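Okay, input-v6.pdb now, which holds PDB, C-alpha atoms (C1' of nucleotides):
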ATOM      1  CA  MET A   1      -7.725  15.679  31.967
ATOM      2  CA  PRO A   2      -5.253  14.540  29.423
ATOM      3  CA  GLU A   3      -5.614  17.352  26.918
ATOM      4  CA  LEU A   4      -3.204  18.434  24.208
ATOM      5  CA  PRO A   5      -0.271  19.373  26.506
ATOM      6  CA  GLU A   6      -0.498  16.134  28.491
ATOM      7  CA  VAL A   7      -0.642  13.914  25.406
ATOM      8  CA  GLU A   8       2.177  15.929  23.850
ATOM      9  CA  THR A   9       4.265  15.394  26.993
ATOM     10  CA  VAL A  10       3.686  11.644  26.891
ATOM     11  CA  LYS A  11       4.526  11.601  23.192
ATOM     12  CA  ARG A  12       7.816  13.412  23.721
ATOM     13  CA  GLY A  13       8.714  11.058  26.549
ATOM     14  CA  LEU A  14       7.808   7.834  24.788
ATOM     15  CA  ALA A  15       9.184   8.558  21.316
ATOM     16  CA  PRO A  16      12.884   8.189  22.143
ATOM     17  CA  LEU A  17      12.176   5.142  24.311
ATOM     18  CA  LEU A  18      10.025   3.200  21.863
ATOM     19  CA  VAL A  19      11.181   3.999  18.342
ATOM     20  CA  GLY A  20      13.055   1.050  16.887
ATOM     21  CA  LYS A  21      11.906  -1.384  19.556
ATOM     22  CA  LYS A  22      10.114  -4.605  18.721
ATOM     23  CA  ILE A  23       6.839  -5.655  20.330
ATOM     24  CA  LEU A  24       7.041  -9.139  21.789
ATOM     25  CA  ALA A  25       3.806  -9.535  23.721
ATOM     26  CA  ILE A  26       0.444  -8.000  24.549
ATOM     27  CA  ASP A  27      -1.999  -8.629  27.345
ATOM     28  CA  TYR A  28      -5.193  -6.929  28.484
ATOM     29  CA  ASP A  29      -7.846  -7.480  31.132
ATOM     30  CA  TRP A  30     -10.683  -5.306  29.844
ATOM     31  CA  PRO A  31     -11.830  -5.977  26.258
ATOM     32  CA  LYS A  32     -13.045  -2.436  25.642
ATOM     33  CA  SER A  33      -9.579  -1.129  26.404
ATOM     34  CA  PHE A  34      -8.165  -3.065  23.450
ATOM     35  CA  PRO A  35     -10.957  -4.173  21.103
ATOM     36  CA  ASN A  36      -8.913  -5.929  18.455
ATOM     37  CA  ALA A  37      -9.210  -9.375  16.916
ATOM     38  CA  PRO A  38      -6.633 -11.830  18.271
ATOM     39  CA  SER A  39      -5.603 -12.728  14.721
ATOM     40  CA  ASP A  40      -4.858  -9.067  13.931
ATOM     41  CA  VAL A  41      -2.866  -8.746  17.126
ATOM     42  CA  GLU A  42      -0.853 -11.812  16.239
ATOM     43  CA  GLN A  43      -0.227 -10.758  12.628
ATOM     44  CA  PHE A  44       0.241  -7.019  12.767
ATOM     45  CA  LEU A  45       1.347  -6.264  16.310
ATOM     46  CA  ILE A  46       3.509  -9.036  17.696
ATOM     47  CA  GLY A  47       6.939  -8.975  16.084
ATOM     48  CA  SER A  48       6.583  -5.514  14.525
ATOM     49  CA  SER A  49       8.670  -2.586  15.664
ATOM     50  CA  VAL A  50       7.836   1.017  16.465
ATOM     51  CA  VAL A  51       8.493   3.410  13.588
ATOM     52  CA  ALA A  52       7.227   6.667  15.108
ATOM     53  CA  VAL A  53       5.237   8.117  18.001
ATOM     54  CA  LYS A  54       2.958  11.011  17.047
ATOM     55  CA  ARG A  55       0.063  13.054  18.392
ATOM     56  CA  ARG A  56      -3.064  14.467  16.766
ATOM     57  CA  ALA A  57      -5.500  16.369  18.989
ATOM     58  CA  LYS A  58      -5.652  14.325  22.230
ATOM     59  CA  VAL A  59      -4.805  11.080  20.474
ATOM     60  CA  LEU A  60      -1.457   9.307  20.542
ATOM     61  CA  LEU A  61      -0.424   7.399  17.423
ATOM     62  CA  ILE A  62       2.249   4.721  17.462
ATOM     63  CA  SER A  63       3.056   3.617  13.927
ATOM     64  CA  LEU A  64       4.525   0.178  13.401
ATOM     65  CA  SER A  65       6.686  -1.509  10.795
ATOM     66  CA  SER A  66       3.713  -3.742   9.939
ATOM     67  CA  LYS A  67       1.981  -0.676   8.417
ATOM     68  CA  TYR A  68      -0.470  -0.791  11.289
ATOM     69  CA  SER A  69      -0.741   1.795  14.056
ATOM     70  CA  LEU A  70      -1.797   1.808  17.653
ATOM     71  CA  ILE A  71      -4.291   4.589  18.288
ATOM     72  CA  ILE A  72      -4.359   5.476  21.967
ATOM     73  CA  HIS A  73      -6.864   7.727  23.705
ATOM     74  CA  LEU A  74      -6.365   8.384  27.406
ATOM     75  CA  ARG A  75      -9.791  10.061  27.810
ATOM     76  CA  MET A  76     -10.124  10.936  31.509
ATOM     77  CA  THR A  77      -7.909   8.711  33.570
ATOM     78  CA  GLY A  78      -5.594   6.990  31.115
ATOM     79  CA  GLN A  79      -1.895   6.696  31.834
ATOM     80  CA  LEU A  80       0.940   5.326  29.689
ATOM     81  CA  VAL A  81       3.946   4.412  31.761
ATOM     82  CA  TYR A  82       7.093   2.762  30.458
ATOM     83  CA  ARG A  83       9.261   0.664  32.744
ATOM     84  CA  SER A  84      12.665  -0.442  31.612
ATOM     85  CA  ASN A  85      13.793  -3.958  32.441
ATOM     86  CA  ASP A  86      17.023  -2.430  33.603
ATOM     87  CA  ASN A  87      16.325  -1.375  37.167
ATOM     88  CA  LYS A  88      19.820  -0.287  38.068
ATOM     89  CA  ASN A  89      18.844   3.303  38.702
ATOM     90  CA  ASP A  90      15.576   2.575  40.438
ATOM     91  CA  PHE A  91      14.789   2.358  44.091
ATOM     92  CA  GLY A  92      12.823  -0.151  46.088
ATOM     93  CA  ALA A  93      10.506  -2.364  44.150
ATOM     94  CA  GLY A  94      11.711  -1.505  40.687
ATOM     95  CA  HIS A  95      10.242   1.904  39.933
ATOM     96  CA  PRO A  96      11.585   5.434  40.259
ATOM     97  CA  ASN A  97      11.027   6.626  43.791
ATOM     98  CA  ASP A  98       9.432   9.899  42.676
ATOM     99  CA  SER A  99       6.840   8.203  40.504
ATOM    100  CA  LEU A 100       3.187   8.681  41.434
ATOM    101  CA  VAL A 101       2.580   5.175  40.173
ATOM    102  CA  GLY A 102       3.738   2.206  42.188
ATOM    103  CA  ASP A 103       4.526  -1.299  41.095
ATOM    104  CA  LEU A 104       3.060  -2.256  37.738
ATOM    105  CA  PRO A 105       0.819  -3.825  36.750
ATOM    106  CA  ASP A 106      -1.637  -2.577  39.358
ATOM    107  CA  LYS A 107      -5.425  -2.787  39.706
ATOM    108  CA  SER A 108      -6.079  -0.171  37.009
ATOM    109  CA  THR A 109      -3.728  -1.675  34.426
ATOM    110  CA  ARG A 110      -5.761  -2.503  31.298
ATOM    111  CA  VAL A 111      -3.186  -3.263  28.598
ATOM    112  CA  ILE A 112       0.426  -4.393  28.801
ATOM    113  CA  ILE A 113       2.736  -4.141  25.786
ATOM    114  CA  GLY A 114       5.978  -6.012  26.196
ATOM    115  CA  PHE A 115       9.279  -5.156  24.496
ATOM    116  CA  LYS A 116      12.592  -6.903  24.914
ATOM    117  CA  GLU A 117      13.994  -3.889  26.788
ATOM    118  CA  GLY A 118      10.975  -2.925  28.839
ATOM    119  CA  THR A 119       7.198  -2.775  29.208
ATOM    120  CA  LEU A 120       4.568  -0.173  28.371
ATOM    121  CA  PHE A 121       1.609  -0.155  30.785
ATOM    122  CA  PHE A 122      -1.745   1.385  29.864
ATOM    123  CA  ASN A 123      -3.547   2.188  33.092
ATOM    124  CA  ASP A 124      -7.088   3.516  33.089
ATOM    125  CA  GLN A 125      -9.073   3.692  36.286
ATOM    126  CA  ARG A 126     -12.379   4.618  34.688
ATOM    127  CA  LYS A 127     -12.017   2.478  31.558
ATOM    128  CA  PHE A 128     -13.023   5.268  29.157
ATOM    129  CA  GLY A 129      -9.735   5.181  27.273
ATOM    130  CA  TYR A 130      -8.712   2.686  24.623
ATOM    131  CA  ILE A 131      -5.972   1.327  22.409
ATOM    132  CA  ARG A 132      -6.915   0.256  18.892
ATOM    133  CA  LEU A 133      -4.846  -1.424  16.211
ATOM    134  CA  VAL A 134      -5.678  -0.073  12.735
ATOM    135  CA  PRO A 135      -3.980   0.028   9.334
ATOM    136  CA  THR A 136      -1.945   3.247   9.258
ATOM    137  CA  ILE A 137      -3.300   4.156   5.844
ATOM    138  CA  GLU A 138      -6.876   4.044   7.157
ATOM    139  CA  ILE A 139      -6.370   6.511  10.008
ATOM    140  CA  PRO A 140      -7.482   9.524   7.932
ATOM    141  CA  LEU A 141     -10.720   7.657   7.151
ATOM    142  CA  ILE A 142     -11.742   7.322  10.791
ATOM    143  CA  ASP A 143     -14.630   9.675  11.606
ATOM    144  CA  PHE A 144     -12.782  11.455  14.386
ATOM    145  CA  PHE A 145      -9.760  12.268  12.209
ATOM    146  CA  LYS A 146     -11.962  13.339   9.309
ATOM    147  CA  LYS A 147     -13.723  16.003  11.302
ATOM    148  CA  VAL A 148     -11.166  17.055  13.923
ATOM    149  CA  GLY A 149     -10.166  20.714  13.740
ATOM    150  CA  PRO A 150      -6.712  22.256  13.282
ATOM    151  CA  GLU A 151      -3.848  21.917  15.714
ATOM    152  CA  PRO A 152      -3.853  25.167  17.715
ATOM    153  CA  LEU A 153      -0.055  25.351  17.820
ATOM    154  CA  SER A 154       0.417  24.719  14.111
ATOM    155  CA  ALA A 155       2.299  27.500  12.316
ATOM    156  CA  THR A 156      -0.290  27.427   9.546
ATOM    157  CA  PHE A 157      -3.268  27.945  11.868
ATOM    158  CA  THR A 158      -4.379  31.562  11.578
ATOM    159  CA  LYS A 159      -6.636  33.907  13.525
ATOM    160  CA  ALA A 160      -8.934  34.168  10.516
ATOM    161  CA  GLN A 161      -9.321  30.376  10.434
ATOM    162  CA  PHE A 162      -9.966  30.284  14.153
ATOM    163  CA  ARG A 163     -12.726  32.911  13.925
ATOM    164  CA  GLN A 164     -14.302  31.227  10.950
ATOM    165  CA  ARG A 165     -14.380  27.838  12.687
ATOM    166  CA  LEU A 166     -15.678  29.314  15.943
ATOM    167  CA  ASN A 167     -18.451  31.061  14.042
ATOM    168  CA  ARG A 168     -19.784  27.723  12.866
ATOM    169  CA  ARG A 169     -21.045  27.406  16.461
ATOM    170  CA  ALA A 170     -22.535  30.910  16.564
ATOM    171  CA  ASN A 171     -25.398  30.123  18.930
ATOM    172  CA  THR A 172     -23.534  28.098  21.474
ATOM    173  CA  ALA A 173     -21.508  29.114  24.518
ATOM    174  CA  VAL A 174     -17.948  29.986  23.578
ATOM    175  CA  LYS A 175     -16.650  27.415  26.063
ATOM    176  CA  ALA A 176     -18.682  24.647  24.423
ATOM    177  CA  ALA A 177     -17.232  25.682  21.066
ATOM    178  CA  LEU A 178     -13.667  25.480  22.410
ATOM    179  CA  LEU A 179     -14.338  21.991  23.757
ATOM    180  CA  ASP A 180     -15.733  20.884  20.385
ATOM    181  CA  GLN A 181     -12.867  18.973  18.777
ATOM    182  CA  SER A 182     -14.196  19.679  15.292
ATOM    183  CA  VAL A 183     -13.736  23.413  15.872
ATOM    184  CA  ILE A 184     -10.206  23.271  17.278
ATOM    185  CA  ALA A 185      -8.188  20.243  18.366
ATOM    186  CA  GLY A 186      -6.870  19.385  21.782
ATOM    187  CA  ILE A 187      -8.577  21.815  24.179
ATOM    188  CA  GLY A 188     -10.315  20.380  27.231
ATOM    189  CA  ASN A 189     -11.793  21.741  30.410
ATOM    190  CA  ILE A 190      -8.600  23.005  32.041
ATOM    191  CA  TYR A 191      -7.198  24.985  29.120
ATOM    192  CA  ALA A 192     -10.615  26.275  28.042
ATOM    193  CA  ASP A 193     -11.031  27.930  31.456
ATOM    194  CA  GLU A 194      -7.475  29.226  31.515
ATOM    195  CA  SER A 195      -7.677  30.693  28.000
ATOM    196  CA  LEU A 196     -11.053  32.355  28.559
ATOM    197  CA  TRP A 197      -9.786  33.968  31.750
ATOM    198  CA  GLY A 198      -6.744  35.245  29.846
ATOM    199  CA  ALA A 199      -8.991  36.744  27.171
ATOM    200  CA  ARG A 200     -11.450  38.120  29.777
ATOM    201  CA  ILE A 201     -14.383  36.365  28.150
ATOM    202  CA  HIS A 202     -17.235  34.827  30.156
ATOM    203  CA  PRO A 203     -17.473  31.128  29.185
ATOM    204  CA  SER A 204     -21.218  31.210  28.561
ATOM    205  CA  THR A 205     -21.030  34.142  26.140
ATOM    206  CA  LEU A 206     -22.567  33.035  22.857
ATOM    207  CA  VAL A 207     -20.008  32.841  20.072
ATOM    208  CA  LYS A 208     -21.984  35.323  17.995
ATOM    209  CA  ASN A 209     -21.573  37.873  20.805
ATOM    210  CA  VAL A 210     -17.800  37.549  20.962
ATOM    211  CA  SER A 211     -16.191  40.371  18.981
ATOM    212  CA  THR A 212     -13.535  39.860  16.337
ATOM    213  CA  LEU A 213     -11.034  41.559  18.612
ATOM    214  CA  ASN A 214     -11.835  39.241  21.526
ATOM    215  CA  MET A 215     -11.611  36.190  19.297
ATOM    216  CA  ASN A 216      -8.148  37.304  18.276
ATOM    217  CA  VAL A 217      -7.136  37.765  21.891
ATOM    218  CA  LEU A 218      -8.558  34.327  22.695
ATOM    219  CA  PHE A 219      -6.510  32.806  19.871
ATOM    220  CA  ASP A 220      -3.327  34.259  21.369
ATOM    221  CA  GLU A 221      -4.305  33.124  24.877
ATOM    222  CA  ILE A 222      -4.949  29.556  23.743
ATOM    223  CA  ARG A 223      -1.515  29.361  22.155
ATOM    224  CA  HIS A 224       0.131  30.948  25.158
ATOM    225  CA  VAL A 225      -1.572  28.669  27.680
ATOM    226  CA  LEU A 226      -0.949  25.471  25.698
ATOM    227  CA  THR A 227       2.695  26.378  25.109
ATOM    228  CA  LEU A 228       3.261  27.109  28.789
ATOM    229  CA  ALA A 229       1.488  23.898  29.779
ATOM    230  CA  ILE A 230       3.702  21.788  27.516
ATOM    231  CA  GLU A 231       6.722  23.536  29.012
ATOM    232  CA  LYS A 232       5.526  22.555  32.488
ATOM    233  CA  GLY A 233       4.848  18.951  31.505
ATOM    234  CA  GLY A 234       1.054  19.279  31.521
ATOM    235  CA  SER A 235      -1.469  19.426  34.374
ATOM    236  CA  THR A 236      -1.948  16.808  37.042
ATOM    237  CA  ASP A 237      -5.313  17.334  38.675
ATOM    238  CA  LYS A 238      -5.739  13.803  39.877
ATOM    239  CA  ASN A 239      -4.668  11.004  37.565
ATOM    240  CA  TYR A 240      -2.455  12.340  34.830
ATOM    241  CA  VAL A 241       1.182  11.248  34.820
ATOM    242  CA  ASN A 242       3.850  11.242  32.129
ATOM    243  CA  HIS A 243       5.675   8.217  30.703
ATOM    244  CA  GLU A 244       7.753   7.958  33.888
ATOM    245  CA  GLY A 245       4.711   8.054  36.151
ATOM    246  CA  LYS A 246       5.489  11.616  37.235
ATOM    247  CA  ARG A 247       3.052  14.491  37.613
ATOM    248  CA  GLY A 248       2.841  17.623  35.453
ATOM    249  CA  ASN A 249       3.407  21.057  36.964
ATOM    250  CA  TYR A 250       1.110  23.407  35.065
ATOM    251  CA  LEU A 251      -1.550  23.677  37.780
ATOM    252  CA  THR A 252       0.994  25.493  39.946
ATOM    253  CA  PHE A 253       0.770  28.220  37.313
ATOM    254  CA  ALA A 254      -2.968  28.010  36.622
ATOM    255  CA  ARG A 255      -4.862  31.239  37.178
ATOM    256  CA  VAL A 256      -8.465  30.029  37.612
ATOM    257  CA  PHE A 257      -8.746  26.270  37.178
ATOM    258  CA  ARG A 258      -9.402  24.685  40.601
ATOM    259  CA  LYS A 259      -8.864  28.110  42.186
ATOM    260  CA  GLU A 260     -12.428  28.707  43.379
ATOM    261  CA  ARG A 261     -12.653  30.802  46.555
ATOM    262  CA  GLN A 262      -9.152  32.136  45.934
ATOM    263  CA  PRO A 263      -8.340  35.650  44.684
ATOM    264  CA  CYS A 264      -8.011  36.342  40.971
ATOM    265  CA  PRO A 265      -4.293  36.884  40.231
ATOM    266  CA  ARG A 266      -5.207  39.871  38.070
ATOM    267  CA  CYS A 267      -7.684  41.825  40.202
ATOM    268  CA  GLY A 268      -8.046  40.029  43.546
ATOM    269  CA  THR A 269     -11.742  39.267  43.141
ATOM    270  CA  ILE A 270     -12.724  35.857  44.500
ATOM    271  CA  ILE A 271     -12.850  33.226  41.759
ATOM    272  CA  GLU A 272     -16.147  31.405  41.339
ATOM    273  CA  LYS A 273     -17.021  27.947  40.138
ATOM    274  CA  LEU A 274     -20.110  27.446  37.997
ATOM    275  CA  ARG A 275     -21.464  25.074  35.370
ATOM    276  CA  VAL A 276     -21.189  25.836  31.673
ATOM    277  CA  ALA A 277     -21.758  23.334  28.879
ATOM    278  CA  GLY A 278     -22.294  20.697  31.556
ATOM    279  CA  ARG A 279     -18.805  21.134  32.988
ATOM    280  CA  GLY A 280     -17.307  22.629  36.096
ATOM    281  CA  THR A 281     -16.149  26.099  35.048
ATOM    282  CA  HIS A 282     -13.935  28.595  36.831
ATOM    283  CA  ILE A 283     -14.115  32.342  36.285
ATOM    284  CA  CYS A 284     -13.229  35.689  37.760
ATOM    285  CA  PRO A 285     -16.620  37.447  37.907
ATOM    286  CA  LYS A 286     -14.994  40.844  37.549
ATOM    287  CA  CYS A 287     -12.534  40.113  34.726
ATOM    288  CA  GLN A 288     -15.069  37.965  32.867
ATOM    289  CA  PRO A 289     -18.396  39.754  33.286
ATOM    290  CA  LYS A 290     -21.497  37.877  32.236
ATOM    291  CA  LYS A 291     -23.305  39.393  29.266
ATOM    292  CA  GLY A 292     -22.410  40.441  25.800
ATOM    293  CA  SER A 293     -18.732  41.001  25.747
ATOM    294  CA  THR A 294     -18.825  43.267  22.771
ATOM    295  CA  ARG A 295     -15.727  45.123  21.669
TER     296      ARG A 295
ATOM    297  C1'  DC B   1     -29.475  20.833  10.989
ATOM    298  C1'  DA B   2     -27.895  23.006  15.410
ATOM    299  C1'  DC B   3     -27.458  22.234  19.870
ATOM    300  C1'  DT B   4     -27.886  19.812  24.531
ATOM    301  C1'  DT B   5     -27.990  15.944  27.472
ATOM    302  C1'  DG B   6     -27.014  11.179  28.888
ATOM    303  C1'  DA B   7     -24.062   7.116  28.941
ATOM    304  C1'  DC B   8     -19.785   5.073  29.533
ATOM    305  C1'  DC B   9     -16.837   3.800  34.455
ATOM    306  C1'  DT B  10     -14.585   4.060  39.107
ATOM    307  C1'  DG B  11     -13.028   6.494  43.098
ATOM    308  C1'  DT B  12     -13.466  10.281  46.198
ATOM    309  C1'  DC B  13     -15.695  13.518  48.929
ATOM    310  C1'  DC B  14     -19.735  15.584  51.298
ATOM    311  C1'  DG B  15     -23.797  15.531  54.153
ATOM    312  C1'  DC B  16     -26.827  12.989  57.136
TER     313       DC B  16
ATOM    314  C1'  DT C   1     -18.876   4.968  61.088
ATOM    315  C1'  DG C   2     -21.750   3.783  57.137
ATOM    316  C1'  DC C   3     -24.305   4.962  53.188
ATOM    317  C1'  DG C   4     -26.264   7.357  49.369
ATOM    318  C1'  DG C   5     -25.518  10.655  46.070
ATOM    319  C1'  DA C   6     -23.078  14.218  43.546
ATOM    320  C1'  DC C   7     -19.091  14.962  41.014
ATOM    321  C1'  DA C   8     -14.942  14.443  38.125
ATOM    322  C1'  DG C   9     -14.147  15.272  32.682
ATOM    323  C1'  DG C  10     -13.612  13.337  26.743
ATOM    324  C1'  DT C  11     -16.375  11.782  23.311
ATOM    325  C1'  DC C  12     -20.185   9.691  20.979
ATOM    326  C1'  DA C  13     -25.069   8.395  20.656
ATOM    327  C1'  DA C  14     -29.490   9.796  21.398
ATOM    328  C1'  DG C  15     -32.777  13.328  22.363
ATOM    329  C1'  DT C  16     -34.963  18.096  21.755
TER     330       DT C  16
END
Give the structure from the file, written as structure tokens.
Amino acid sequence: MPELPEVETVKRGLAPLLVGKKILAIDYDWPKSFPNAPSDVEQFLIGSSVVAVKRRAKVLLISLSSKYSLIIHLRMTGQLVYRSNDNKNDFGAGHPNDSLVGDLPDKSTRVIIGFKEGTLFFNDQRKFGYIRLVPTIEIPLIDFFKKVGPEPLSATFTKAQFRQRLNRRANTAVKAALLDQSVIAGIGNIYADESLWGARIHPSTLVKNVSTLNMNVLFDEIRHVLTLAIEKGGSTDKNYVNHEGKRGNYLTFARVFRKERQPCPRCGTIIEKLRVAGRGTHICPKCQPKKGSTR
DNA sequence: CACTTGACCTGTCCGC
DNA sequence: TGCGGACAGGTCAAGT
């Protein structure tokens, strides 16, 4: 669920709140959520302050004055919610009344990072996400960052690059290629379906059967969909919330994702749900006909 | 090597 | 109502 637009939304929310603040304490209840040595935590985390909050692919990076960074992956159900100690503007039990998240910590809270001015809660119902403390200089050496593909919204990312990278997965379904983070960064199930609908490409079409023209259209659709999603604060299907615990609004604008049995906004045909690349996949059977989409 | 499937987890929903 | 099972989706390890 948290894909590029959701992580970007969290990043934009947290950056102004955290930069310059000093970490005073850390606590966690599930070792896999924060698999760092206590001595490292003591030395390089406690007492250091936040220098920057960044994003690469679906990963959030918080760089610290200690020259270490927190690498945070929300995976499926991760949430990062910041609560200020100053509750003047809050209602009830100390949280904004329009937050989807109640009092914190709650039963899915895995890691708590304490600042003088407030607290950052890492919640993760399914425990797939993690926070890791690593030397900032070593981040580029981590396998994931070595092989991850270009940022789709980068000004230097071109259609030619996109086609060339897609073609490395010539014999796989185009949807599987979009979900492959080494081909292109940040796309997950929601935005893969939305982009393929926009480009009128059936998700199980083999990459080698997608024409140059359709790849170019897909490139534009990906950028359009991701840009719109960031504008709407991401997608909340179930768990995703921003740094304030509030939902994203993109799914109100989604054309096919979670729209099975509803009419296609383009042609009125009933949208179907199927399985492609092991994932629930939504298509308009008329706009995205199965079989070689040549041309 | 290219590609697909299973494991990691918990909560929810569906059918019996 | 209770219970089992399928399903949800990001990534890596293991399998074909």
Apply the PyMOL selection byres ((chain A and resi 80) around 9) to the file shown and report the selected residues as a PDB file with C-alpha atoms, keeping the file's coordinate frame.
ATOM      1  CA  VAL A  10       3.686  11.644  26.891  1.00  0.00           C
ATOM      2  CA  LEU A  14       7.808   7.834  24.788  1.00  0.00           C
ATOM      3  CA  LEU A  74      -6.365   8.384  27.406  1.00  0.00           C
ATOM      4  CA  GLY A  78      -5.594   6.990  31.115  1.00  0.00           C
ATOM      5  CA  GLN A  79      -1.895   6.696  31.834  1.00  0.00           C
ATOM      6  CA  VAL A  81       3.946   4.412  31.761  1.00  0.00           C
ATOM      7  CA  TYR A  82       7.093   2.762  30.458  1.00  0.00           C
ATOM      8  CA  LEU A 120       4.568  -0.173  28.371  1.00  0.00           C
ATOM      9  CA  PHE A 121       1.609  -0.155  30.785  1.00  0.00           C
ATOM     10  CA  PHE A 122      -1.745   1.385  29.864  1.00  0.00           C
ATOM     11  CA  ASN A 123      -3.547   2.188  33.092  1.00  0.00           C
ATOM     12  CA  ASP A 124      -7.088   3.516  33.089  1.00  0.00           C
ATOM     13  CA  VAL A 241       1.182  11.248  34.820  1.00  0.00           C
ATOM     14  CA  ASN A 242       3.850  11.242  32.129  1.00  0.00           C
ATOM     15  CA  HIS A 243       5.675   8.217  30.703  1.00  0.00           C
ATOM     16  CA  GLU A 244       7.753   7.958  33.888  1.00  0.00           C
ATOM     17  CA  GLY A 245       4.711   8.054  36.151  1.00  0.00           C
TER      18      GLY A 245
END
Proximity of chain A to chain B: per-residue shortest pair, 7 Å limit, all atoms listed in the file, as CSV:
residue,atom,partner,partner_atom,distance
A:Gln125,CA,B:DT10,C1',6.2
A:Arg126,CA,B:DC9,C1',4.5
A:Lys127,CA,B:DC9,C1',5.8
A:Phe128,CA,B:DC9,C1',6.7
Please identify all residues of chain A having at least one atom at most 9 Å from any atom of chain C, considering only C-alpha atoms (C1' of nucleotides), and return them as JSON, numbers by chain. {"A": [1, 2, 3, 74, 75, 76, 128, 188, 189, 279, 280]}
Any idea what's packed within 12 Å of Glu272 of chain A, counting only C-alpha atoms (C1' of nucleotides), ignoring anything in its chain fewer than 5 positions away? Could you give it as a PyMOL selection string? chain A and resi 193+197+202+256-264+280-289
Name the residues that the PyMOL selection byres ((chain A and resi 184) around 10) pulls out of this structure, and write them as an MDAnalysis selection string. chainID A and resid 57 148:152 157 161:162 165:166 177:183 185:187
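Going from atom CA of Lys107 of chain A to atom CA of Asn85 of chain A covers 20.6 Å.
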May I ask for the distance between atom CA of Pro203 of chain A and atom CA of Glu8 of chain A, given in Å to one decimal place? 25.4 Å
Atom pair atom CA of Arg266 of chain A + atom CA of Glu231 of chain A, distance 22.2 Å
